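This is query.cif. It holds mmCIF, C-alpha atoms.
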data_work
#
loop_
_atom_site.label_atom_id
_atom_site.label_comp_id
_atom_site.auth_asym_id
_atom_site.auth_seq_id
_atom_site.Cartn_x
_atom_site.Cartn_y
_atom_site.Cartn_z
CA MET A 162 0.00 0.00 0.00
CA SER A 163 1.40 3.40 -0.89
CA ALA A 164 1.85 6.24 1.59
CA GLN A 165 -1.07 8.04 -0.05
CA GLN A 166 -3.26 4.97 0.35
CA GLU A 167 -2.22 4.61 4.03
CA VAL A 168 -3.19 8.21 4.70
CA ALA A 169 -6.52 7.65 2.97
CA ALA A 170 -7.08 4.54 5.08
CA GLY A 171 -6.32 6.43 8.26
CA ARG A 172 -3.21 4.36 8.99
CA SER A 173 -0.58 7.11 8.75
CA ALA A 174 1.92 7.57 11.57
CA PRO A 175 1.04 10.31 14.08
CA MET A 176 2.84 13.61 13.64
CA VAL A 177 3.74 15.94 16.52
CA THR A 178 4.61 19.58 16.04
CA LEU A 179 6.66 21.43 18.66
CA ALA A 180 6.09 25.15 18.19
CA PHE A 181 8.65 27.85 18.98
CA VAL A 182 8.91 31.54 18.32
CA GLY A 183 12.41 30.89 17.01
CA SER A 184 15.44 33.11 16.61
CA ARG A 185 14.74 36.78 15.90
CA ALA A 186 16.94 39.54 14.54
CA GLU A 187 18.24 41.77 17.34
CA THR A 188 18.92 44.94 15.41
CA GLU A 189 18.76 48.36 17.06
CA GLU A 190 15.70 49.15 14.98
CA VAL A 191 13.92 46.11 16.42
CA THR A 192 14.98 46.51 20.05
CA SER A 193 14.58 50.30 20.31
CA GLY A 194 10.83 49.98 20.72
CA LEU A 195 11.07 47.60 23.67
CA SER A 196 10.79 48.58 27.32
CA SER A 197 13.94 49.78 29.05
CA GLU A 198 13.97 46.60 31.15
CA SER A 199 13.75 44.36 28.08
CA GLN A 200 16.52 46.29 26.36
CA ALA A 201 18.69 46.01 29.45
CA GLY A 202 18.04 42.28 29.76
CA LEU A 203 18.98 41.62 26.14
CA ARG A 204 22.07 43.80 26.46
CA GLN A 205 23.33 42.49 29.80
CA PHE A 206 22.55 38.81 29.32
CA SER A 207 23.94 37.73 26.01
CA LEU A 208 23.24 34.29 24.61
CA GLU A 209 26.68 33.17 25.78
CA ARG A 210 26.17 34.53 29.27
CA MET A 211 22.77 32.91 29.60
CA THR A 212 24.09 29.50 28.59
CA GLY A 213 27.08 30.16 30.85
CA TYR A 214 24.61 30.38 33.75
CA GLY A 215 23.14 27.01 32.84
CA VAL A 216 20.24 28.08 30.62
CA ASP A 217 19.78 25.54 27.82
CA TYR A 218 20.72 26.98 24.42
CA ALA A 219 17.25 26.43 22.95
CA ASP A 220 15.65 28.06 26.01
CA ALA A 221 17.99 31.04 25.75
CA VAL A 222 17.14 31.54 22.06
CA GLU A 223 13.42 31.25 22.77
CA LEU A 224 13.55 33.62 25.75
CA ARG A 225 15.29 36.31 23.75
CA ALA A 226 12.89 35.82 20.83
CA ARG A 227 9.85 36.22 23.07
CA VAL A 228 11.28 39.39 24.60
CA ILE A 229 11.96 40.81 21.14
CA GLU A 230 8.34 39.99 20.24
CA GLY A 231 7.23 42.17 23.16
CA GLN A 232 6.86 39.84 26.13
CA ASP A 233 8.46 41.06 29.35
CA TRP A 234 11.66 39.36 30.53
CA ARG A 235 10.23 37.91 33.72
CA SER A 236 7.10 36.31 32.33
CA ALA A 237 8.90 34.95 29.25
CA ALA A 238 11.46 33.14 31.40
CA THR A 239 8.83 31.91 33.86
CA GLU A 240 6.57 30.53 31.11
CA LEU A 241 9.50 28.63 29.60
CA ALA A 242 10.30 27.22 33.05
CA ASP A 243 6.70 26.05 33.32
CA VAL A 244 7.04 24.30 29.96
CA CYS A 245 10.08 22.44 31.28
CA MET A 246 8.18 21.39 34.40
CA ARG A 247 5.28 20.01 32.34
CA ARG A 248 7.78 17.92 30.39
CA ALA A 249 9.31 16.71 33.65
CA GLU A 250 5.90 15.73 35.02
CA ARG A 251 5.02 13.80 31.85
CA ALA A 252 8.29 11.83 31.84
CA PRO A 253 7.41 8.14 32.34
CA GLY A 254 8.57 6.24 35.45
CA PHE A 255 12.14 5.00 35.72
CA LEU A 256 12.79 5.51 32.01
CA GLY A 257 11.97 9.19 32.36
CA ARG A 258 14.39 9.86 35.23
CA PRO A 259 17.10 11.50 33.06
CA THR A 260 14.42 13.61 31.40
CA ARG A 261 13.03 14.76 34.75
CA ILE A 262 16.50 15.67 36.01
CA GLY A 263 17.29 17.61 32.85
CA GLN A 264 13.99 19.45 32.71
CA MET A 265 14.06 20.41 36.40
CA SER A 266 17.59 21.74 35.94
CA ARG A 267 16.48 23.74 32.90
CA ALA A 268 13.47 25.13 34.78
CA SER A 269 15.69 26.17 37.69
CA ALA A 270 18.09 28.01 35.38
CA LEU A 271 15.20 29.82 33.68
CA LEU A 272 13.71 30.90 36.99
CA ARG A 273 17.08 32.20 38.12
CA MET A 274 17.28 34.12 34.85
CA SER A 275 13.76 35.48 35.37
CA GLN A 276 14.79 37.36 38.52
CA MET A 277 17.97 38.85 37.09
CA MET A 278 16.28 42.16 36.28
CA MET A 279 14.76 42.52 39.75
CA LEU A 280 16.81 45.09 41.63
CA SER A 281 15.00 44.89 44.97
CA ASP A 282 14.75 41.92 47.34
CA THR A 283 10.97 41.73 47.27
CA ALA A 284 8.79 38.87 48.49
CA GLU A 285 8.15 38.00 44.84
CA ARG A 286 11.85 37.71 44.11
CA GLN A 287 12.39 35.60 47.21
CA ALA A 288 9.58 33.26 46.09
CA VAL A 289 11.05 32.94 42.59
CA TYR A 290 14.52 32.14 43.92
CA THR A 291 13.16 29.71 46.50
CA ARG A 292 11.36 27.83 43.73
CA ALA A 293 14.49 27.81 41.55
CA ALA A 294 16.60 26.43 44.41
CA GLY A 295 13.95 23.84 45.20
CA LEU A 296 13.96 22.53 41.64
CA TYR A 297 17.75 22.45 41.62
CA ALA A 298 17.62 20.45 44.85
CA GLN A 299 15.12 17.99 43.39
CA ALA A 300 17.35 17.46 40.36
CA ALA A 301 20.38 17.03 42.63
CA GLU A 302 18.57 14.47 44.79
CA ALA A 303 17.51 12.51 41.73
CA SER A 304 20.99 12.53 40.20
CA GLY A 305 22.75 11.90 43.52
CA ASP A 306 25.85 13.85 42.50
CA ARG A 307 25.64 16.74 45.00
CA GLU A 308 24.03 17.72 48.26
CA ARG A 309 22.56 20.88 49.68
CA VAL A 310 24.47 22.29 52.66
CA THR A 311 23.95 25.08 55.17
CA ILE A 312 26.92 26.52 57.07
CA GLU A 313 26.14 28.42 60.24
CA THR A 314 28.07 31.63 60.89
CA ASP A 315 27.79 34.50 63.37
CA GLY A 316 26.35 36.67 60.59
CA GLY A 317 23.74 34.13 59.55
CA PRO A 318 23.56 30.93 57.49
CA LEU A 319 25.49 30.38 54.27
CA ALA A 320 23.76 28.30 51.61
CA GLY A 321 25.66 26.05 49.23
CA TRP A 322 25.95 22.83 47.30
CA PHE A 323 28.63 20.25 47.93
CA VAL A 324 29.79 18.36 44.82
CA PRO A 325 32.00 15.44 45.91
CA ALA A 326 34.97 14.29 43.89
CA VAL A 327 34.14 11.52 41.45
CA ASP A 328 37.12 9.43 42.61
CA THR A 329 39.41 9.68 45.63
CA ALA A 330 39.65 13.37 46.49
CA VAL A 331 43.04 15.10 46.43
CA GLY A 332 41.76 18.48 47.59
CA SER A 333 38.77 20.74 48.10
CA ALA A 334 37.71 24.09 46.66
CA VAL A 335 35.21 26.86 47.27
CA VAL A 336 33.52 28.26 44.13
CA ILE A 337 31.70 31.59 44.32
CA GLY A 338 29.95 33.90 41.88
CA GLY A 339 29.74 37.67 41.88
CA VAL A 340 27.19 40.44 42.16
CA GLU A 341 24.50 38.74 40.07
CA GLY A 342 25.68 35.25 39.04
CA TRP A 343 25.72 32.95 42.09
CA SER A 344 26.49 29.40 43.20
CA MET A 345 24.07 27.44 41.00
CA ASP A 346 25.01 29.58 38.01
CA PHE A 347 28.65 28.46 38.18
CA ASP A 348 28.05 24.77 38.89
CA SER A 349 29.90 23.75 35.72
CA ILE A 350 33.16 24.77 37.39
CA GLY A 351 32.31 22.67 40.45
CA GLU A 352 31.52 19.71 38.21
CA ALA A 353 34.83 20.12 36.37
CA LEU A 354 36.69 20.14 39.69
CA ALA A 355 34.84 17.09 40.99
CA ALA A 356 35.65 15.19 37.79
CA ARG A 357 39.35 15.76 38.54
CA GLY A 358 39.28 14.65 42.16
CA VAL A 359 38.51 17.92 43.95
CA ASP A 360 35.53 18.26 46.28
CA ALA A 361 33.72 21.48 45.33
CA LEU A 362 31.64 23.71 47.58
CA LEU A 363 29.42 25.91 45.40
CA LEU A 364 28.81 28.73 47.85
CA ASP A 365 26.44 31.65 48.12
CA GLY A 366 28.56 34.03 50.18
CA PRO A 367 27.24 37.04 52.11
CA GLY A 368 25.06 39.13 49.80
CA GLN A 369 24.59 36.34 47.26
CA GLY A 370 21.84 33.94 46.20
CA GLU A 371 20.00 31.92 48.83
CA THR A 372 22.27 33.25 51.56
CA ARG A 373 20.86 36.71 50.92
CA LEU A 374 17.41 36.20 49.44
CA ILE A 375 16.31 33.44 51.82
CA HIS A 376 18.53 33.84 54.91
CA GLU A 377 18.90 37.66 54.69
CA HIS A 378 22.67 37.38 55.23
CA TYR A 379 24.20 40.41 53.51
CA LEU A 380 27.70 41.61 52.73
CA THR A 381 28.94 43.53 55.77
CA PRO A 382 32.38 44.61 56.99
CA ARG A 383 32.57 41.18 58.73
CA TRP A 384 32.07 39.25 55.48
CA ARG A 385 35.49 37.59 55.79
CA ASP A 386 34.40 35.69 58.92
CA ALA A 387 31.79 33.89 56.84
CA TYR A 388 34.38 32.69 54.34
CA VAL A 389 36.58 31.47 57.19
CA ARG A 390 33.64 29.30 58.25
CA ALA A 391 33.22 28.03 54.69
CA VAL A 392 36.88 26.99 54.61
CA ASP A 393 36.40 25.48 58.08
CA PHE A 394 33.56 23.40 56.62
CA LEU A 395 35.87 21.85 54.02
CA ASP A 396 38.75 21.49 56.47
CA GLU A 397 36.56 19.74 59.03
CA ARG A 398 35.16 17.44 56.35
CA SER A 399 38.65 16.42 55.22
CA PRO A 400 41.24 17.58 57.77
CA GLY A 401 44.58 18.65 56.34
CA ARG A 402 43.52 18.43 52.73
CA PRO A 403 44.70 21.39 50.57
CA ILE A 404 42.02 23.91 49.68
CA GLY A 405 41.49 26.24 46.74
CA VAL A 406 39.13 29.11 46.06
CA VAL A 407 37.65 30.11 42.70
CA GLY A 408 35.91 33.46 42.30
CA ASN A 409 33.96 34.65 39.28
CA SER A 410 33.30 38.28 38.33
CA MET A 411 33.39 40.38 41.51
CA GLY A 412 33.74 37.07 43.34
CA GLY A 413 37.25 36.94 41.92
CA SER A 414 38.12 40.02 43.97
CA VAL A 415 36.60 38.36 47.04
CA ALA A 416 38.52 35.13 46.39
CA MET A 417 41.86 36.96 46.31
CA ALA A 418 41.02 38.87 49.48
CA VAL A 419 40.18 35.57 51.18
CA ALA A 420 43.27 33.75 49.90
CA ALA A 421 45.76 36.29 51.24
CA GLN A 422 44.40 35.97 54.77
CA ASP A 423 43.94 32.18 55.15
CA THR A 424 47.02 29.95 55.18
CA ARG A 425 44.88 26.91 54.32
CA ILE A 426 44.32 28.28 50.79
CA ARG A 427 46.82 26.70 48.41
CA ALA A 428 45.35 27.88 45.08
CA CYS A 429 43.26 30.89 44.02
CA VAL A 430 41.56 31.71 40.73
CA ASP A 431 40.25 35.14 39.81
CA ASN A 432 37.93 34.97 36.80
CA GLY A 433 36.79 38.50 36.04
CA GLY A 434 37.45 40.43 39.25
CA ILE A 435 38.88 43.93 39.62
CA HIS A 436 41.52 45.40 41.91
CA ALA A 437 39.21 47.91 43.65
CA PRO A 438 35.51 46.95 43.69
CA TRP A 439 34.58 50.15 45.50
CA LEU A 440 35.61 52.22 42.48
CA VAL A 441 32.62 51.00 40.43
CA PRO A 442 30.78 54.31 39.82
CA PRO A 443 27.05 54.92 40.36
CA THR A 444 26.88 55.76 36.65
CA MET A 445 27.09 52.01 35.98
CA GLY A 446 23.42 52.06 36.92
CA THR A 447 22.02 48.56 37.29
CA PHE A 448 25.32 46.96 38.25
CA PHE A 449 26.03 49.55 40.93
CA SER A 450 22.48 49.12 42.25
CA LYS A 451 23.09 45.38 42.55
CA MET A 452 26.30 46.03 44.48
CA VAL A 453 24.30 48.18 46.90
CA ALA A 454 21.61 45.49 47.18
CA ALA A 455 24.25 42.90 48.12
CA CYS A 456 24.92 44.96 51.23
CA GLY A 457 21.24 45.12 52.17
CA ALA A 458 21.54 48.87 52.29
CA GLY A 459 19.50 51.55 50.64
CA ASP A 460 22.40 53.91 51.29
CA PRO A 461 24.95 53.82 48.44
CA ASP A 462 27.63 55.49 50.56
CA ARG A 463 27.33 52.81 53.21
CA ALA A 464 27.53 50.12 50.55
CA VAL A 465 30.70 51.65 49.11
CA ASP A 466 32.24 51.61 52.60
CA VAL A 467 31.45 47.89 52.83
CA TRP A 468 32.97 47.16 49.42
CA LYS A 469 36.12 49.02 50.48
CA THR A 470 36.76 46.12 52.87
CA VAL A 471 37.04 43.79 49.84
CA ASN A 472 40.65 44.45 48.88
CA PRO A 473 42.16 41.79 46.61
CA LEU A 474 45.58 43.48 46.68
CA ALA A 475 45.92 43.51 50.48
CA ASP A 476 48.86 41.71 52.05
CA GLY A 477 48.29 38.99 54.63
CA PRO A 478 49.66 35.90 56.36
CA ASN A 479 49.15 33.83 53.21
CA SER A 480 50.91 36.17 50.80
CA GLY A 481 52.59 34.11 48.15
CA TYR A 482 49.55 31.93 47.43
CA PRO A 483 49.42 30.54 43.86
CA LEU A 484 47.17 32.76 41.69
CA LEU A 485 45.62 32.25 38.27
CA VAL A 486 43.89 35.22 36.64
CA VAL A 487 41.52 34.31 33.80
CA GLN A 488 40.68 37.23 31.55
CA GLY A 489 38.52 37.84 28.49
CA GLY A 490 40.26 39.97 25.89
CA ALA A 491 36.89 41.40 24.79
CA ASP A 492 35.48 41.82 28.30
CA PRO A 493 33.27 44.96 28.20
CA MET A 494 33.35 45.29 32.01
CA VAL A 495 36.97 44.54 32.93
CA SER A 496 39.55 45.87 30.47
CA MET A 497 42.94 44.34 29.89
CA ASP A 498 44.48 47.35 31.64
CA LEU A 499 42.42 46.66 34.76
CA ALA A 500 43.33 42.98 34.61
CA ARG A 501 47.03 43.85 34.46
CA ILE A 502 46.70 46.19 37.45
CA LEU A 503 45.12 43.32 39.39
CA LEU A 504 47.81 40.85 38.33
CA GLN A 505 50.72 43.17 39.05
CA GLY A 506 49.35 44.30 42.40
CA ALA A 507 48.52 40.83 43.74
CA PRO A 508 50.65 40.10 46.86
CA THR A 509 52.28 37.00 45.40
CA ASP A 510 55.06 36.21 42.97
CA ASP A 511 53.46 32.87 42.09
CA LYS A 512 50.96 34.25 39.59
CA GLN A 513 49.90 33.85 35.99
CA MET A 514 47.26 35.35 33.68
CA VAL A 515 45.59 33.46 30.85
CA THR A 516 43.73 35.58 28.30
CA PHE A 517 41.08 34.37 25.85
CA THR A 518 41.51 36.97 23.10
CA ASP A 519 37.81 37.10 22.20
CA GLY A 520 36.61 36.23 25.69
CA SER A 521 33.58 37.98 27.16
CA HIS A 522 33.24 38.86 30.84
CA CYS A 523 34.03 35.71 32.85
CA VAL A 524 34.76 34.06 29.48
CA TYR A 525 31.22 32.70 29.20
CA ASN A 526 31.73 32.23 25.47
CA HIS A 527 34.42 29.59 26.10
CA ARG A 528 32.78 27.88 29.06
CA SER A 529 34.08 24.35 28.46
CA ASP A 530 37.67 25.45 27.84
CA ARG A 531 37.49 27.94 30.72
CA ASP A 532 36.22 25.30 33.14
CA ALA A 533 38.86 22.80 32.04
CA LEU A 534 41.63 25.40 32.43
CA ILE A 535 40.50 26.39 35.91
CA ALA A 536 39.91 22.84 37.11
CA ASP A 537 43.19 21.50 35.70
CA TRP A 538 45.17 24.37 37.22
CA VAL A 539 43.51 24.12 40.65
CA THR A 540 43.96 20.34 40.74
CA ALA A 541 47.62 20.62 39.78
CA ARG A 542 48.34 23.23 42.45
CA LEU A 543 46.48 21.32 45.15
CA ARG A 544 48.58 18.28 44.22
CA GLY A 545 51.70 20.39 44.69
CA LEU A 546 52.47 20.48 40.96
CA PRO A 547 53.35 23.57 38.89
CA GLY A 548 50.49 25.03 36.90
CA HIS A 549 52.28 27.16 34.31
CA ASP A 550 52.10 24.51 31.59
CA ILE A 551 48.34 23.97 31.93
CA ALA A 552 47.27 26.71 29.51
CA LYS A 553 49.78 26.00 26.74
#
What would you get if you wrote out this structure as structure tokens?
Amino acid sequence: MSAQQEVAAGRSAPMVTLAFVGSRAETEEVTSGLSSESQAGLRQFSLERMTGYGVDYADAVELRARVIEGQDWRSAATELADVCMRRAERAPGFLGRPTRIGQMSRASALLRMSQMMMLSDTAERQAVYTRAAGLYAQAAEASGDRERVTIETDGGPLAGWFVPAVDTAVGSAVVIGGVEGWSMDFDSIGEALAARGVDALLLDGPGQGETRLIHEHYLTPRWRDAYVRAVDFLDERSPGRPIGVVGNSMGGSVAMAVAAQDTRIRACVDNGGIHAPWLVPPTMGTFFSKMVAACGAGDPDRAVDVWKTVNPLADGPNSGYPLLVVQGGADPMVSMDLARILLQGAPTDDKQMVTFTDGSHCVYNHRSDRDALIADWVTARLRGLPGHDIAK
């Protein structure tokens, strides 16, 4: 029987159509008519940055397309997260377990992206982030490759995720984000470390993620005490094991400030930090507002005073720690000149900078190579090996 005869007889195979808005041109003519928030979202969160934060490529394309078509950033991301959750709920039994894990992870990343344009810590934002963290936790429980942890400190709880080494661990490392990308957003670095035998603590430090939005633990002049407790957590879990710290964006500045003061830190990576965070001007608008929000203060002057305590160039009892600076040659936020000032001023002679010539901020556009570089270098240094050949 021919295909035409089968169709006529009603015996044709079922056909399913999955509808998408699809990629849209992002010219100035097209975007100029959008709301200021939509324009800011498209400008600040490039396709590479979105996927760098764990958003699936197809979801990132669809989110941007919907925003260009006129939908607001928040609802577009939330609706796409809901689509992922419906797929997760429809996944059949044991066979659908990988699908459920993947779809819950995608939904979590989309919800985290949905709150990126919220500048105030409202009840709505807290609810969105709580849901995102809950989905991440469900995916983690199903996959069994990481666990949720809470570290008590005098300033309040720290929230994080512990990703154990795949094989026998040779060291441990703290991984932190910056002003707007937090622990779950940089989990690919933790996974790369774990694959190489390094236990990774993906941490929301003071003023970040769940630590701030759920536990109301902000960045204060005593922020360093919280990181001491985070290092204590790893040291108590595996006494005597060498420890590293990886900081991304402004978290790179924090990581260096931590490393110089704690003799247990044997490797430090700065991926996108600057030498003087407090010099970020109010004219940087949204970013400066997010720096203020991290301090829980409506007073910009008070927030600047807090950020002045984050000094990555300060000397300390652990001066001489091994340092790797990862820099994007096309970073619109941190220029090569600023990166060189950071490198030259760091209180250690054991330092190296690796530049990706076309790299964006935090080198999101080379995520796999960036993660491999960082994880290989940290693992080598925690093993007591030189790291200068890693990037060649």
Distance query stretch 497-504 of chain A at most 12 Å, only C-alpha atoms, self and fewer than 6 positions along chain excluded, as an mmCIF file with C-alpha atoms, in the frame of the given file:
data_model
loop_
_atom_site.group_PDB
_atom_site.id
_atom_site.type_symbol
_atom_site.label_atom_id
_atom_site.label_comp_id
_atom_site.auth_asym_id
_atom_site.auth_seq_id
_atom_site.Cartn_x
_atom_site.Cartn_y
_atom_site.Cartn_z
ATOM 1 C CA SER A 410 33.300 38.280 38.330
ATOM 2 C CA GLY A 413 37.250 36.940 41.920
ATOM 3 C CA SER A 414 38.120 40.020 43.970
ATOM 4 C CA MET A 417 41.860 36.960 46.310
ATOM 5 C CA ALA A 418 41.020 38.870 49.480
ATOM 6 C CA VAL A 430 41.560 31.710 40.730
ATOM 7 C CA ASP A 431 40.250 35.140 39.810
ATOM 8 C CA ASN A 432 37.930 34.970 36.800
ATOM 9 C CA GLY A 433 36.790 38.500 36.040
ATOM 10 C CA GLY A 434 37.450 40.430 39.250
ATOM 11 C CA ILE A 435 38.880 43.930 39.620
ATOM 12 C CA HIS A 436 41.520 45.400 41.910
ATOM 13 C CA ALA A 437 39.210 47.910 43.650
ATOM 14 C CA PRO A 438 35.510 46.950 43.690
ATOM 15 C CA LEU A 440 35.610 52.220 42.480
ATOM 16 C CA ASN A 472 40.650 44.450 48.880
ATOM 17 C CA PRO A 473 42.160 41.790 46.610
ATOM 18 C CA LEU A 474 45.580 43.480 46.680
ATOM 19 C CA ALA A 475 45.920 43.510 50.480
ATOM 20 C CA PRO A 483 49.420 30.540 43.860
ATOM 21 C CA LEU A 484 47.170 32.760 41.690
ATOM 22 C CA LEU A 485 45.620 32.250 38.270
ATOM 23 C CA VAL A 486 43.890 35.220 36.640
ATOM 24 C CA VAL A 487 41.520 34.310 33.800
ATOM 25 C CA GLN A 488 40.680 37.230 31.550
ATOM 26 C CA GLY A 489 38.520 37.840 28.490
ATOM 27 C CA GLY A 490 40.260 39.970 25.890
ATOM 28 C CA ALA A 491 36.890 41.400 24.790
ATOM 29 C CA ASP A 510 55.060 36.210 42.970
ATOM 30 C CA ASP A 511 53.460 32.870 42.090
ATOM 31 C CA LYS A 512 50.960 34.250 39.590
ATOM 32 C CA GLN A 513 49.900 33.850 35.990
ATOM 33 C CA MET A 514 47.260 35.350 33.680
ATOM 34 C CA VAL A 515 45.590 33.460 30.850
ATOM 35 C CA THR A 516 43.730 35.580 28.300
ATOM 36 C CA PHE A 517 41.080 34.370 25.850
ATOM 37 C CA THR A 518 41.510 36.970 23.100
ATOM 38 C CA ASP A 519 37.810 37.100 22.200
ATOM 39 C CA GLY A 520 36.610 36.230 25.690
ATOM 40 C CA SER A 521 33.580 37.980 27.160
ATOM 41 C CA HIS A 522 33.240 38.860 30.840
ATOM 42 C CA CYS A 523 34.030 35.710 32.850
#
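Nearest residue to A:Tyr290, choosing from A:Arg248, A:Arg225, A:Arg267, A:Arg373 and counting all atoms listed in the file: A:Arg373.
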Taking (50.0, 19.4, 43.5) in the file's coordinates as the center, which residues reach within 12 Å of it, counting all atoms listed in the file, put as a compact mmCIF listing (two decimals) with C-alpha atoms, in the frame of the given file?
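Wrote it out as part38.txt, contents follow:
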# COMPACT_ATOMS: atom_id res chain seq x y z
CA VAL A 331 43.04 15.10 46.43
CA GLY A 332 41.76 18.48 47.59
CA GLY A 358 39.28 14.65 42.16
CA VAL A 359 38.51 17.92 43.95
CA ARG A 402 43.52 18.43 52.73
CA PRO A 403 44.70 21.39 50.57
CA ILE A 404 42.02 23.91 49.68
CA GLY A 405 41.49 26.24 46.74
CA ARG A 427 46.82 26.70 48.41
CA ALA A 428 45.35 27.88 45.08
CA PRO A 483 49.42 30.54 43.86
CA ASP A 537 43.19 21.50 35.70
CA TRP A 538 45.17 24.37 37.22
CA VAL A 539 43.51 24.12 40.65
CA THR A 540 43.96 20.34 40.74
CA ALA A 541 47.62 20.62 39.78
CA ARG A 542 48.34 23.23 42.45
CA LEU A 543 46.48 21.32 45.15
CA ARG A 544 48.58 18.28 44.22
CA GLY A 545 51.70 20.39 44.69
CA LEU A 546 52.47 20.48 40.96
CA PRO A 547 53.35 23.57 38.89
CA GLY A 548 50.49 25.03 36.90
**Study point:** Selection result of the PyMOL selection byres ((chain A and resi 202) around 10) on this file, as a PyMOL selection string
**Key:** chain A and resi 196-201+203-207+225+228+233-235+274-275+277-278
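When atom CA of A:Ala391 is paired with atom CA of A:Ile426, their separation reads 11.8 Å.
Using all atoms listed in the file, the contacts of A:Ala420 at a cut-off of 8 Å, with sequence neighbours closer than 3 positions omitted, comprise A:Val406, A:Ala416, A:Met417, A:Asp423, A:Thr424, A:Ile426, A:Ala428, A:Cys429, A:Asn479, A:Tyr482.
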Okay, now the selection with C-alpha atoms, as a PDB file, in the frame of the given file?
ATOM      1  CA  VAL A 406      39.130  29.110  46.060  1.00  0.00           C
ATOM      2  CA  ALA A 416      38.520  35.130  46.390  1.00  0.00           C
ATOM      3  CA  MET A 417      41.860  36.960  46.310  1.00  0.00           C
ATOM      4  CA  ASP A 423      43.940  32.180  55.150  1.00  0.00           C
ATOM      5  CA  THR A 424      47.020  29.950  55.180  1.00  0.00           C
ATOM      6  CA  ILE A 426      44.320  28.280  50.790  1.00  0.00           C
ATOM      7  CA  ALA A 428      45.350  27.880  45.080  1.00  0.00           C
ATOM      8  CA  CYS A 429      43.260  30.890  44.020  1.00  0.00           C
ATOM      9  CA  ASN A 479      49.150  33.830  53.210  1.00  0.00           C
ATOM     10  CA  TYR A 482      49.550  31.930  47.430  1.00  0.00           C
TER      11      TYR A 482
END
Check your understanding: Pick from A:Glu371, A:Arg425, A:Glu240, A:Gly213: nearest to A:Asp346, with all atoms listed in the file counted?
Key -> A:Gly213
Check your understanding: Using all atoms listed in the file, which residue out of A:Leu534, A:Val389, A:Val441, A:Ala330 lies closest to A:Val419?
Key -> A:Val389
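Residue membership of the PyMOL selection byres ((chain A and resi 470) around 9) in the shown file amounts to Thr381, Pro382, Arg383, Trp384, Trp439, Asp466, Val467, Trp468, Lys469, Val471 and Asn472 of chain A.
Distance check against A:Gly412 using all atoms listed in the file: of A:Val335, A:Ala242, A:Ile375, A:Ala356, the minimum falls on A:Val335.
Picked out by the PyMOL selection byres ((chain A and resi 480) around 6) when it runs on this file: A:Ala421, A:Gly477, A:Pro478, A:Asn479, A:Gly481, A:Tyr482, A:Pro508, A:Thr509.
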Can I get the selection written as a compact mmCIF listing (two decimals), in the coordinates of the input, with C-alpha atoms?
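The result, stored in selection14.txt:
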# COMPACT_ATOMS: atom_id res chain seq x y z
CA ALA A 421 45.76 36.29 51.24
CA GLY A 477 48.29 38.99 54.63
CA PRO A 478 49.66 35.90 56.36
CA ASN A 479 49.15 33.83 53.21
CA GLY A 481 52.59 34.11 48.15
CA TYR A 482 49.55 31.93 47.43
CA PRO A 508 50.65 40.10 46.86
CA THR A 509 52.28 37.00 45.40
Study note, to complete from the structure: From the list A:Ile337, A:Met265, A:Val222, A:Ala455, the nearest residue to A:Arg185 using only C-alpha atoms is A:Val222
Review point. In Å, how far is it from atom CA of A:Glu209 to atom CA of A:Ala454?
Key: 25.2 Å
Point to revise | Straight-line distance linking atom CA of A:Arg210 with atom CA of A:Asn526, stated in Å to one decimal | key: 7.1 Å
Study note, to complete from the structure: Among A:Ile551, A:Ala464, A:Val177, A:Ala536, A:Ala353 is approached most closely, using all atoms listed in the file, by A:Ala536
Within 10 Å of stretch 214-219 of chain A: each stretch 243-307 of chain A residue with its shortest pair, only C-alpha atoms, as a Markdown table:
| residue | atom | partner | partner_atom | distance |
| --- | --- | --- | --- | --- |
| A:Gly263 | CA | A:Asp217 | CA | 9.7 |
| A:Gln264 | CA | A:Asp217 | CA | 9.7 |
| A:Ser266 | CA | A:Gly215 | CA | 8.3 |
| A:Arg267 | CA | A:Val216 | CA | 6.2 |
| A:Ala268 | CA | A:Val216 | CA | 8.5 |
| A:Ser269 | CA | A:Val216 | CA | 8.6 |
| A:Ala270 | CA | A:Val216 | CA | 5.2 |
| A:Leu271 | CA | A:Val216 | CA | 6.1 |
| A:Leu272 | CA | A:Val216 | CA | 9.5 |
| A:Arg273 | CA | A:Tyr214 | CA | 8.9 |
| A:Met274 | CA | A:Val216 | CA | 7.9 |
How big is the axis-aligned box around the listed atoms of stretch 393-406 of chain A once 6 Å is added on each side, and where is its centre? Give both in Å to one decimal, as lines of an AutoDock Vina configuration file.
center_x = 39.1
center_y = 22.8
center_z = 52.5
size_x = 23.1
size_y = 24.7
size_z = 25.0
What would stretch 388-399 of chain A look like if you wrote it out as a PDB file, in the first residue's frame, with C-alpha atoms included, from the block I just posted?
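The new file part-v5.pdb reads:
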ATOM      1  CA  TYR A 388      34.384  32.690  54.342  1.00  0.00           C
ATOM      2  CA  VAL A 389      36.583  31.474  57.187  1.00  0.00           C
ATOM      3  CA  ARG A 390      33.645  29.303  58.254  1.00  0.00           C
ATOM      4  CA  ALA A 391      33.225  28.029  54.692  1.00  0.00           C
ATOM      5  CA  VAL A 392      36.882  26.992  54.609  1.00  0.00           C
ATOM      6  CA  ASP A 393      36.395  25.477  58.084  1.00  0.00           C
ATOM      7  CA  PHE A 394      33.556  23.401  56.622  1.00  0.00           C
ATOM      8  CA  LEU A 395      35.867  21.851  54.015  1.00  0.00           C
ATOM      9  CA  ASP A 396      38.750  21.488  56.470  1.00  0.00           C
ATOM     10  CA  GLU A 397      36.557  19.737  59.028  1.00  0.00           C
ATOM     11  CA  ARG A 398      35.161  17.442  56.349  1.00  0.00           C
ATOM     12  CA  SER A 399      38.648  16.418  55.217  1.00  0.00           C
TER      13      SER A 399
END
